[in-house]
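Trainee: Sharing start_7.pdb (PDB, C-alpha atoms, pLDDT in the B column) below.
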ATOM      1  CA  MET A  23     -16.149 -19.196 -16.280  1.00 72.00           C
ATOM      2  CA  ARG A  24     -14.804 -16.251 -14.331  1.00 88.00           C
ATOM      3  CA  LEU A  25     -14.657 -12.698 -15.636  1.00 88.00           C
ATOM      4  CA  LYS A  26     -11.319 -10.952 -16.154  1.00 92.00           C
ATOM      5  CA  PRO A  27     -12.333  -7.284 -16.451  1.00 93.00           C
ATOM      6  CA  VAL A  28     -12.532  -5.457 -13.130  1.00 97.00           C
ATOM      7  CA  PRO A  29     -13.416  -1.788 -13.620  1.00 97.00           C
ATOM      8  CA  GLU A  30     -12.477   0.925 -11.185  1.00 96.00           C
ATOM      9  CA  PRO A  31     -14.964   0.561  -8.307  1.00 96.00           C
ATOM     10  CA  PRO A  32     -17.403   3.369  -7.620  1.00 94.00           C
ATOM     11  CA  SER A  33     -17.424   5.236  -4.330  1.00 92.00           C
ATOM     12  CA  ASP A  34     -20.460   3.342  -3.048  1.00 93.00           C
ATOM     13  CA  LEU A  35     -23.345   1.125  -4.082  1.00 91.00           C
ATOM     14  CA  ASP A  36     -25.466   4.142  -5.012  1.00 90.00           C
ATOM     15  CA  ALA A  37     -22.930   4.984  -7.717  1.00 91.00           C
ATOM     16  CA  LEU A  38     -23.123   1.343  -8.859  1.00 95.00           C
ATOM     17  CA  ARG A  39     -26.889   1.819  -9.217  1.00 95.00           C
ATOM     18  CA  GLU A  40     -26.176   4.633 -11.691  1.00 95.00           C
ATOM     19  CA  HIS A  41     -24.135   2.274 -13.851  1.00 96.00           C
ATOM     20  CA  ARG A  42     -26.938  -0.293 -13.733  1.00 96.00           C
ATOM     21  CA  ARG A  43     -29.513   2.357 -14.689  1.00 96.00           C
ATOM     22  CA  ALA A  44     -27.411   3.320 -17.709  1.00 96.00           C
ATOM     23  CA  VAL A  45     -28.189  -0.058 -19.289  1.00 96.00           C
ATOM     24  CA  PRO A  46     -31.488   0.078 -21.201  1.00 94.00           C
ATOM     25  CA  LEU A  47     -34.716  -1.631 -20.173  1.00 93.00           C
ATOM     26  CA  VAL A  48     -35.281  -2.560 -23.823  1.00 93.00           C
ATOM     27  CA  PRO A  49     -32.582  -4.918 -25.130  1.00 92.00           C
ATOM     28  CA  GLY A  50     -29.823  -3.226 -27.060  1.00 89.00           C
ATOM     29  CA  ASP A  51     -26.749  -4.490 -28.857  1.00 93.00           C
ATOM     30  CA  THR A  52     -23.315  -4.191 -27.293  1.00 93.00           C
ATOM     31  CA  ASP A  53     -22.405  -1.026 -29.200  1.00 94.00           C
ATOM     32  CA  ASP A  54     -25.605   0.753 -28.162  1.00 94.00           C
ATOM     33  CA  CYS A  55     -25.226  -0.294 -24.531  1.00 95.00           C
ATOM     34  CA  CYS A  56     -21.569   0.742 -24.434  1.00 96.00           C
ATOM     35  CA  ALA A  57     -22.387   4.119 -25.972  1.00 96.00           C
ATOM     36  CA  ARG A  58     -25.136   4.653 -23.424  1.00 96.00           C
ATOM     37  CA  LEU A  59     -22.863   3.652 -20.513  1.00 96.00           C
ATOM     38  CA  ARG A  60     -20.145   6.004 -21.775  1.00 97.00           C
ATOM     39  CA  ARG A  61     -22.550   8.893 -22.092  1.00 97.00           C
ATOM     40  CA  ARG A  62     -24.461   8.429 -18.831  1.00 96.00           C
ATOM     41  CA  CYS A  63     -21.529   7.422 -16.615  1.00 96.00           C
ATOM     42  CA  ASP A  64     -18.869   9.608 -18.209  1.00 96.00           C
ATOM     43  CA  LEU A  65     -16.637   6.668 -19.114  1.00 97.00           C
ATOM     44  CA  PRO A  66     -13.483   7.460 -21.097  1.00 97.00           C
ATOM     45  CA  ASP A  67     -13.777   4.922 -23.925  1.00 97.00           C
ATOM     46  CA  ARG A  68     -15.699   1.999 -25.390  1.00 96.00           C
ATOM     47  CA  GLN A  69     -13.407  -0.616 -23.824  1.00 96.00           C
ATOM     48  CA  THR A  70     -14.082   0.738 -20.334  1.00 97.00           C
ATOM     49  CA  ALA A  71     -17.817   0.703 -21.074  1.00 97.00           C
ATOM     50  CA  ASN A  72     -17.575  -2.856 -22.395  1.00 96.00           C
ATOM     51  CA  ASP A  73     -15.745  -3.902 -19.219  1.00 96.00           C
ATOM     52  CA  TRP A  74     -18.506  -2.326 -17.148  1.00 97.00           C
ATOM     53  CA  LEU A  75     -21.185  -4.093 -19.176  1.00 96.00           C
ATOM     54  CA  ALA A  76     -19.511  -7.465 -18.623  1.00 96.00           C
ATOM     55  CA  PHE A  77     -18.919  -6.726 -14.953  1.00 97.00           C
ATOM     56  CA  LEU A  78     -22.541  -5.686 -14.370  1.00 97.00           C
ATOM     57  CA  ARG A  79     -23.599  -8.931 -16.020  1.00 96.00           C
ATOM     58  CA  THR A  80     -21.349 -10.894 -13.652  1.00 96.00           C
ATOM     59  CA  LEU A  81     -22.972  -9.144 -10.698  1.00 97.00           C
ATOM     60  CA  GLY A  82     -26.417 -10.124 -11.992  1.00 96.00           C
ATOM     61  CA  LEU A  83     -27.386  -6.515 -12.724  1.00 97.00           C
ATOM     62  CA  VAL A  84     -27.484  -6.905 -16.508  1.00 96.00           C
ATOM     63  CA  GLU A  85     -28.740  -9.811 -18.592  1.00 96.00           C
ATOM     64  CA  GLU A  86     -27.780 -10.857 -22.096  1.00 94.00           C
ATOM     65  CA  THR A  87     -30.774 -11.855 -24.200  1.00 93.00           C
ATOM     66  CA  PRO A  88     -30.946 -13.011 -27.817  1.00 93.00           C
ATOM     67  CA  ARG A  89     -31.808  -9.399 -28.718  1.00 92.00           C
ATOM     68  CA  GLY A  90     -28.993  -7.831 -26.685  1.00 93.00           C
ATOM     69  CA  PHE A  91     -28.264  -6.551 -23.223  1.00 94.00           C
ATOM     70  CA  VAL A  92     -30.931  -5.380 -20.832  1.00 96.00           C
ATOM     71  CA  ARG A  93     -31.025  -4.084 -17.284  1.00 96.00           C
ATOM     72  CA  ALA A  94     -31.876  -6.912 -14.891  1.00 96.00           C
ATOM     73  CA  ASP A  95     -34.712  -6.615 -12.436  1.00 94.00           C
ATOM     74  CA  ALA A  96     -32.269  -6.665  -9.523  1.00 94.00           C
ATOM     75  CA  GLU A  97     -30.761  -4.017  -7.309  1.00 94.00           C
ATOM     76  CA  PRO A  98     -27.063  -3.912  -6.441  1.00 95.00           C
ATOM     77  CA  THR A  99     -27.503  -5.007  -2.856  1.00 95.00           C
ATOM     78  CA  PRO A 100     -24.399  -5.808  -0.818  1.00 95.00           C
ATOM     79  CA  GLU A 101     -25.332  -9.505  -0.909  1.00 96.00           C
ATOM     80  CA  ARG A 102     -25.732  -9.550  -4.699  1.00 96.00           C
ATOM     81  CA  VAL A 103     -22.423  -7.759  -5.210  1.00 97.00           C
ATOM     82  CA  ARG A 104     -20.669 -10.133  -2.796  1.00 97.00           C
ATOM     83  CA  ASP A 105     -22.120 -13.191  -4.535  1.00 97.00           C
ATOM     84  CA  GLY A 106     -21.190 -11.861  -7.973  1.00 97.00           C
ATOM     85  CA  LEU A 107     -17.635 -11.136  -6.894  1.00 97.00           C
ATOM     86  CA  ARG A 108     -17.192 -14.510  -5.181  1.00 97.00           C
ATOM     87  CA  ASP A 109     -18.710 -16.560  -7.990  1.00 96.00           C
ATOM     88  CA  GLY A 110     -17.830 -14.699 -11.144  1.00 96.00           C
ATOM     89  CA  VAL A 111     -14.583 -12.729 -10.930  1.00 97.00           C
ATOM     90  CA  LEU A 112     -11.225 -14.246 -11.787  1.00 97.00           C
ATOM     91  CA  PHE A 113      -8.933 -14.535  -8.732  1.00 97.00           C
ATOM     92  CA  ALA A 114     -11.630 -13.444  -6.259  1.00 97.00           C
ATOM     93  CA  PRO A 115     -11.413 -16.809  -4.425  1.00 97.00           C
ATOM     94  CA  GLU A 116      -7.647 -16.437  -4.183  1.00 97.00           C
ATOM     95  CA  ALA A 117      -8.037 -12.896  -2.867  1.00 98.00           C
ATOM     96  CA  LEU A 118     -10.583 -14.012  -0.276  1.00 98.00           C
ATOM     97  CA  ALA A 119      -8.309 -16.853   0.863  1.00 97.00           C
ATOM     98  CA  ALA A 120      -5.391 -14.434   1.238  1.00 97.00           C
ATOM     99  CA  LEU A 121      -7.585 -11.973   3.149  1.00 98.00           C
ATOM    100  CA  ALA A 122      -8.634 -14.730   5.553  1.00 97.00           C
ATOM    101  CA  GLU A 123      -4.955 -15.291   6.383  1.00 96.00           C
ATOM    102  CA  ALA A 124      -4.063 -11.594   6.628  1.00 95.00           C
ATOM    103  CA  SER A 125      -3.702  -9.533   9.769  1.00 92.00           C
ATOM    104  CA  ARG A 126      -3.539  -5.821  10.516  1.00 89.00           C
ATOM    105  CA  GLU A 127       0.209  -6.241  10.928  1.00 88.00           C
ATOM    106  CA  ASP A 128       0.531  -8.133   7.642  1.00 91.00           C
ATOM    107  CA  PRO A 129      -2.326  -7.089   5.318  1.00 94.00           C
ATOM    108  CA  VAL A 130      -2.739  -8.206   1.719  1.00 96.00           C
ATOM    109  CA  THR A 131      -1.454  -5.636  -0.761  1.00 96.00           C
ATOM    110  CA  PRO A 132      -2.153  -5.543  -4.493  1.00 96.00           C
ATOM    111  CA  ASP A 133       1.429  -6.683  -5.041  1.00 96.00           C
ATOM    112  CA  ASP A 134       0.834  -9.670  -2.733  1.00 97.00           C
ATOM    113  CA  LEU A 135      -2.297 -10.653  -4.633  1.00 97.00           C
ATOM    114  CA  PHE A 136      -0.537 -10.245  -7.966  1.00 97.00           C
ATOM    115  CA  ALA A 137       2.389 -12.386  -6.775  1.00 97.00           C
ATOM    116  CA  ALA A 138      -0.020 -15.105  -5.616  1.00 96.00           C
ATOM    117  CA  THR A 139      -1.846 -15.207  -8.958  1.00 97.00           C
ATOM    118  CA  ARG A 140       0.888 -14.179 -11.424  1.00 96.00           C
ATOM    119  CA  ASP A 141       1.494 -17.681 -12.755  1.00 96.00           C
ATOM    120  CA  ARG A 142      -2.213 -18.110 -13.520  1.00 95.00           C
ATOM    121  CA  VAL A 143      -2.683 -14.931 -15.546  1.00 95.00           C
ATOM    122  CA  PRO A 144      -3.947 -16.192 -18.906  1.00 94.00           C
ATOM    123  CA  ARG A 145      -1.106 -16.771 -21.336  1.00 94.00           C
ATOM    124  CA  HIS A 146      -2.753 -14.757 -24.111  1.00 93.00           C
ATOM    125  CA  ASP A 147      -2.893 -11.701 -21.807  1.00 91.00           C
ATOM    126  CA  ARG A 148       0.820 -12.032 -21.098  1.00 92.00           C
ATOM    127  CA  ALA A 149       1.671 -12.493 -24.793  1.00 94.00           C
ATOM    128  CA  ARG A 150      -0.544  -9.677 -26.045  1.00 92.00           C
ATOM    129  CA  ASP A 151       0.696  -6.882 -23.798  1.00 91.00           C
ATOM    130  CA  PRO A 152       4.333  -6.254 -22.881  1.00 93.00           C
ATOM    131  CA  GLU A 153       3.060  -4.224 -19.891  1.00 95.00           C
ATOM    132  CA  TRP A 154       0.819  -7.046 -18.654  1.00 96.00           C
ATOM    133  CA  GLU A 155       2.366  -7.147 -15.189  1.00 96.00           C
ATOM    134  CA  ALA A 156       1.488  -3.512 -14.495  1.00 96.00           C
ATOM    135  CA  GLU A 157      -2.057  -4.057 -15.783  1.00 95.00           C
ATOM    136  CA  TRP A 158      -2.590  -7.136 -13.628  1.00 97.00           C
ATOM    137  CA  ARG A 159      -1.154  -5.368 -10.555  1.00 97.00           C
ATOM    138  CA  ASP A 160      -3.667  -2.570 -11.173  1.00 97.00           C
ATOM    139  CA  ARG A 161      -6.382  -5.180 -11.598  1.00 97.00           C
ATOM    140  CA  ALA A 162      -5.396  -6.723  -8.239  1.00 97.00           C
ATOM    141  CA  ALA A 163      -5.757  -3.291  -6.620  1.00 97.00           C
ATOM    142  CA  ARG A 164      -9.189  -2.796  -8.191  1.00 97.00           C
ATOM    143  CA  LEU A 165     -10.322  -6.274  -7.130  1.00 98.00           C
ATOM    144  CA  LEU A 166      -9.303  -5.634  -3.524  1.00 98.00           C
ATOM    145  CA  ALA A 167     -11.128  -2.288  -3.626  1.00 97.00           C
ATOM    146  CA  TRP A 168     -14.287  -4.021  -4.942  1.00 98.00           C
ATOM    147  CA  LEU A 169     -14.038  -6.577  -2.137  1.00 98.00           C
ATOM    148  CA  ALA A 170     -13.794  -3.687   0.324  1.00 97.00           C
ATOM    149  CA  LEU A 171     -16.822  -1.980  -1.243  1.00 96.00           C
ATOM    150  CA  ALA A 172     -18.785  -5.191  -0.598  1.00 96.00           C
ATOM    151  CA  ASP A 173     -17.430  -5.532   2.982  1.00 97.00           C
ATOM    152  CA  LEU A 174     -15.541  -8.688   2.065  1.00 98.00           C
ATOM    153  CA  ALA A 175     -12.314  -6.781   2.785  1.00 98.00           C
ATOM    154  CA  ALA A 176     -11.333  -3.855   4.958  1.00 97.00           C
ATOM    155  CA  ARG A 177      -8.596  -1.400   4.063  1.00 96.00           C
ATOM    156  CA  VAL A 178      -5.940  -0.954   6.762  1.00 96.00           C
ATOM    157  CA  GLU A 179      -2.688   0.928   7.137  1.00 86.00           C
ATOM    158  CA  SER A 180       0.225  -1.228   8.189  1.00 69.00           C
ATOM    159  CA  GLU A 181       2.858  -0.037  10.642  1.00 69.00           C
ATOM    160  CA  ASP A 182       5.182   0.981   7.812  1.00 73.00           C
ATOM    161  CA  GLY A 183       2.477   3.237   6.367  1.00 76.00           C
ATOM    162  CA  THR A 184       1.550   1.099   3.371  1.00 78.00           C
ATOM    163  CA  ALA A 185      -2.076   0.307   2.731  1.00 86.00           C
ATOM    164  CA  GLY A 186      -3.376  -3.203   2.520  1.00 95.00           C
ATOM    165  CA  TYR A 187      -6.472  -5.250   3.202  1.00 97.00           C
ATOM    166  CA  VAL A 188      -7.746  -7.774   5.703  1.00 97.00           C
ATOM    167  CA  ALA A 189     -10.965  -9.795   5.736  1.00 97.00           C
ATOM    168  CA  GLY A 190     -14.025  -7.612   6.093  1.00 95.00           C
ATOM    169  CA  ASP A 191     -17.133  -7.960   8.235  1.00 94.00           C
ATOM    170  CA  ALA A 192     -19.051  -9.894   5.551  1.00 92.00           C
ATOM    171  CA  ALA A 193     -16.217 -12.311   4.716  1.00 83.00           C
TER     172      ALA A 193
END
What's the structure tokens form of this structure?
Mentor:
Amino acid sequence: MRLKPVPEPPSDLDALREHRRAVPLVPGDTDDCCARLRRRCDLPDRQTANDWLAFLRTLGLVEETPRGFVRADAEPTPERVRDGLRDGVLFAPEALAALAEASREDPVTPDDLFAATRDRVPRHDRARDPEWEAEWRDRAARLLAWLALADLAARVESEDGTAGYVAGDAA
């Protein structure tokens, strides 16, 4: 199963370490972990913290135990982040395939990624939110930014001045 939430990426992997460190070493329930993430990482609301908790779990930086969530004994190395993105995030394979086909003259934009995956957005997400297209376009932008953070993508400016992405050094 692939994860839908894709939080706003941090500036670098050191900032990702701060999010990982915000999860307790002693297992805590979801509410406690979300409250701690909100407080330590200055997150705006519980939903954002919950998305981060799920995302950190997908990256292998947090584990869910019978007693709750706990910080994993793993650092957010570039390889771990790349593997977590490739294996656990919804539409990451599609993004990577599009990046492999992209060029500096014709980079992948968030709109391109959204258009390529639009028909596969879960039906319940489309039915629940009348603004689902805007949310999933934003999600596409965040996913591409995460791929860039992990060197699976590289941000480029096209000739017309719009930003897009091509395959990165680690792709």
Trainee: Which residue out of A:Asp54, A:Asp141, A:Glu179, A:Asp173 has the minimum interatomic distance to Asp34 in chain A when only C-alpha atoms are used?
Mentor: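 Once distances to Asp34 in chain A are computed over only C-alpha atoms, the minimum belongs to A:Asp173.
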Trainee: Taking (-4.0, -10.1, 8.9) in the coordinates of the supplied file, I want to know which residues reach to within 12 Å of it, counting only C-alpha atoms; could you give the answer as a list in words?
Mentor: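 It turns out the residues near that spot are Leu118, Ala119, Ala120, Leu121, Ala122, Glu123, Ala124, Ser125, Arg126, Glu127, Asp128, Pro129, Val130, Thr131, Ala175, Ala176, Arg177, Val178, Glu179, Ser180, Gly186, Tyr187, Val188, Ala189 and Gly190 of chain A.
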Trainee: I'd like to know which of A:Trp168, A:Phe91, A:Phe77, A:Trp158 is closest to Asp134 in chain A, using all atoms listed in the file.
Mentor: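 Closest to Asp134 in chain A of all the choices is A:Trp158.
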Trainee: Restricting the calculation to all atoms listed in the file, which member of A:Ala37, A:Ala162, A:Leu47, A:Val28 is positioned closest to Leu75 in chain A?
Mentor: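 Answer, going by the shortest atom-to-atom distance: A:Val28.
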Trainee: Please determine, counting all atoms listed in the file, which residue among A:Val92, A:Pro66, A:Pro27, A:Pro98 has the shortest atom-to-atom distance to Ala44 in chain A.
Mentor: A:Val92
Trainee: Please report the interatomic distance between CA of Glu30 in chain A and CA of Ala167 in chain A in Å with one decimal.
Mentor: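 Between CA of Glu30 in chain A and CA of Ala167 in chain A the gap works out to 8.3 Å.
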Trainee: Here is a test: counting all atoms listed in the file, which residue of A:Arg159, A:Leu165, A:Glu153, A:Leu81 is nearest to Glu116 in chain A?
Mentor: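 Looking at the shortest contact to Glu116 in chain A, the residue is A:Leu165.
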Trainee: For this structure, which residues satisfy the selection - the PyMOL selection byres ((chain A and resi 93) around 9) - when it is evaluated on the file as given? I want them as a PDB file with C-alpha atoms, keeping the file's coordinate frame.
Mentor:
ATOM      1  CA  ARG A  42     -26.938  -0.293 -13.733  1.00 96.00           C
ATOM      2  CA  ARG A  43     -29.513   2.357 -14.689  1.00 96.00           C
ATOM      3  CA  ALA A  44     -27.411   3.320 -17.709  1.00 96.00           C
ATOM      4  CA  VAL A  45     -28.189  -0.058 -19.289  1.00 96.00           C
ATOM      5  CA  PRO A  46     -31.488   0.078 -21.201  1.00 94.00           C
ATOM      6  CA  LEU A  47     -34.716  -1.631 -20.173  1.00 93.00           C
ATOM      7  CA  VAL A  48     -35.281  -2.560 -23.823  1.00 93.00           C
ATOM      8  CA  PRO A  49     -32.582  -4.918 -25.130  1.00 92.00           C
ATOM      9  CA  ARG A  79     -23.599  -8.931 -16.020  1.00 96.00           C
ATOM     10  CA  LEU A  83     -27.386  -6.515 -12.724  1.00 97.00           C
ATOM     11  CA  VAL A  84     -27.484  -6.905 -16.508  1.00 96.00           C
ATOM     12  CA  GLU A  85     -28.740  -9.811 -18.592  1.00 96.00           C
ATOM     13  CA  GLU A  86     -27.780 -10.857 -22.096  1.00 94.00           C
ATOM     14  CA  PHE A  91     -28.264  -6.551 -23.223  1.00 94.00           C
ATOM     15  CA  VAL A  92     -30.931  -5.380 -20.832  1.00 96.00           C
ATOM     16  CA  ALA A  94     -31.876  -6.912 -14.891  1.00 96.00           C
ATOM     17  CA  ASP A  95     -34.712  -6.615 -12.436  1.00 94.00           C
ATOM     18  CA  ALA A  96     -32.269  -6.665  -9.523  1.00 94.00           C
TER      19      ALA A  96
END
Trainee: Find the residues around Pro100 in chain A up to 9 Å (all atoms listed in the file counted), leave out those fewer than 2 positions away in its own chain, and share them as a short mmCIF file (atom, residue, chain, number, x, y, z; two decimals) with C-alpha atoms, in the coordinates of the input.
Mentor:
data_model
loop_
_atom_site.label_atom_id
_atom_site.label_comp_id
_atom_site.auth_asym_id
_atom_site.auth_seq_id
_atom_site.Cartn_x
_atom_site.Cartn_y
_atom_site.Cartn_z
CA LEU A 35 -23.34 1.12 -4.08
CA PRO A 98 -27.06 -3.91 -6.44
CA ARG A 102 -25.73 -9.55 -4.70
CA VAL A 103 -22.42 -7.76 -5.21
CA ARG A 104 -20.67 -10.13 -2.80
CA ASP A 105 -22.12 -13.19 -4.54
CA LEU A 171 -16.82 -1.98 -1.24
CA ALA A 172 -18.78 -5.19 -0.60
CA ASP A 173 -17.43 -5.53 2.98
#
Trainee: Here's the selection I'm unsure about, the PyMOL selection byres ((chain A and resi 57) around 12); applied to the file above, which residues does it give, as a list in words?
Mentor: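 Taken over the shown coordinates, the PyMOL selection byres ((chain A and resi 57) around 12) returns Ala44, Val45, Pro46, Gly50, Asp51, Thr52, Asp53, Asp54, Cys55, Cys56, Arg58, Leu59, Arg60, Arg61, Arg62, Cys63, Asp64, Leu65, Pro66, Asp67, Arg68, Gln69, Thr70, Ala71, Asn72, Trp74 and Leu75 of chain A.
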Trainee: Restricting it to C-alpha atoms, dump the selection as an mmCIF file, keeping the file's coordinate frame.
Mentor:
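Below you can see out-v4.cif, which holds the result:
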data_model
loop_
_atom_site.group_PDB
_atom_site.id
_atom_site.type_symbol
_atom_site.label_atom_id
_atom_site.label_comp_id
_atom_site.auth_asym_id
_atom_site.auth_seq_id
_atom_site.Cartn_x
_atom_site.Cartn_y
_atom_site.Cartn_z
ATOM 1 C CA ALA A 44 -27.411 3.320 -17.709
ATOM 2 C CA VAL A 45 -28.189 -0.058 -19.289
ATOM 3 C CA PRO A 46 -31.488 0.078 -21.201
ATOM 4 C CA GLY A 50 -29.823 -3.226 -27.060
ATOM 5 C CA ASP A 51 -26.749 -4.490 -28.857
ATOM 6 C CA THR A 52 -23.315 -4.191 -27.293
ATOM 7 C CA ASP A 53 -22.405 -1.026 -29.200
ATOM 8 C CA ASP A 54 -25.605 0.753 -28.162
ATOM 9 C CA CYS A 55 -25.226 -0.294 -24.531
ATOM 10 C CA CYS A 56 -21.569 0.742 -24.434
ATOM 11 C CA ARG A 58 -25.136 4.653 -23.424
ATOM 12 C CA LEU A 59 -22.863 3.652 -20.513
ATOM 13 C CA ARG A 60 -20.145 6.004 -21.775
ATOM 14 C CA ARG A 61 -22.550 8.893 -22.092
ATOM 15 C CA ARG A 62 -24.461 8.429 -18.831
ATOM 16 C CA CYS A 63 -21.529 7.422 -16.615
ATOM 17 C CA ASP A 64 -18.869 9.608 -18.209
ATOM 18 C CA LEU A 65 -16.637 6.668 -19.114
ATOM 19 C CA PRO A 66 -13.483 7.460 -21.097
ATOM 20 C CA ASP A 67 -13.777 4.922 -23.925
ATOM 21 C CA ARG A 68 -15.699 1.999 -25.390
ATOM 22 C CA GLN A 69 -13.407 -0.616 -23.824
ATOM 23 C CA THR A 70 -14.082 0.738 -20.334
ATOM 24 C CA ALA A 71 -17.817 0.703 -21.074
ATOM 25 C CA ASN A 72 -17.575 -2.856 -22.395
ATOM 26 C CA TRP A 74 -18.506 -2.326 -17.148
ATOM 27 C CA LEU A 75 -21.185 -4.093 -19.176
#
Trainee: Could you jot down the CA of Gly110 in chain A to CA of Pro152 in chain A separation for me, Å, one decimal place?
Mentor: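 Computing the Euclidean distance for CA of Gly110 in chain A and CA of Pro152 in chain A yields 26.5 Å.
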Trainee: Mind pulling up the distance from CA of Leu166 in chain A to CA of Glu40 in chain A?
Mentor: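 Separating CA of Glu40 in chain A from CA of Leu166 in chain A is a distance of 21.4 Å.
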Trainee: My list of candidates is A:Glu97, A:Arg142, A:Thr80, A:Ala163. Which is closest to Asp109 in chain A when distances are computed with only C-alpha atoms?
Mentor: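 Closest residue, counting only C-alpha atoms: A:Thr80.
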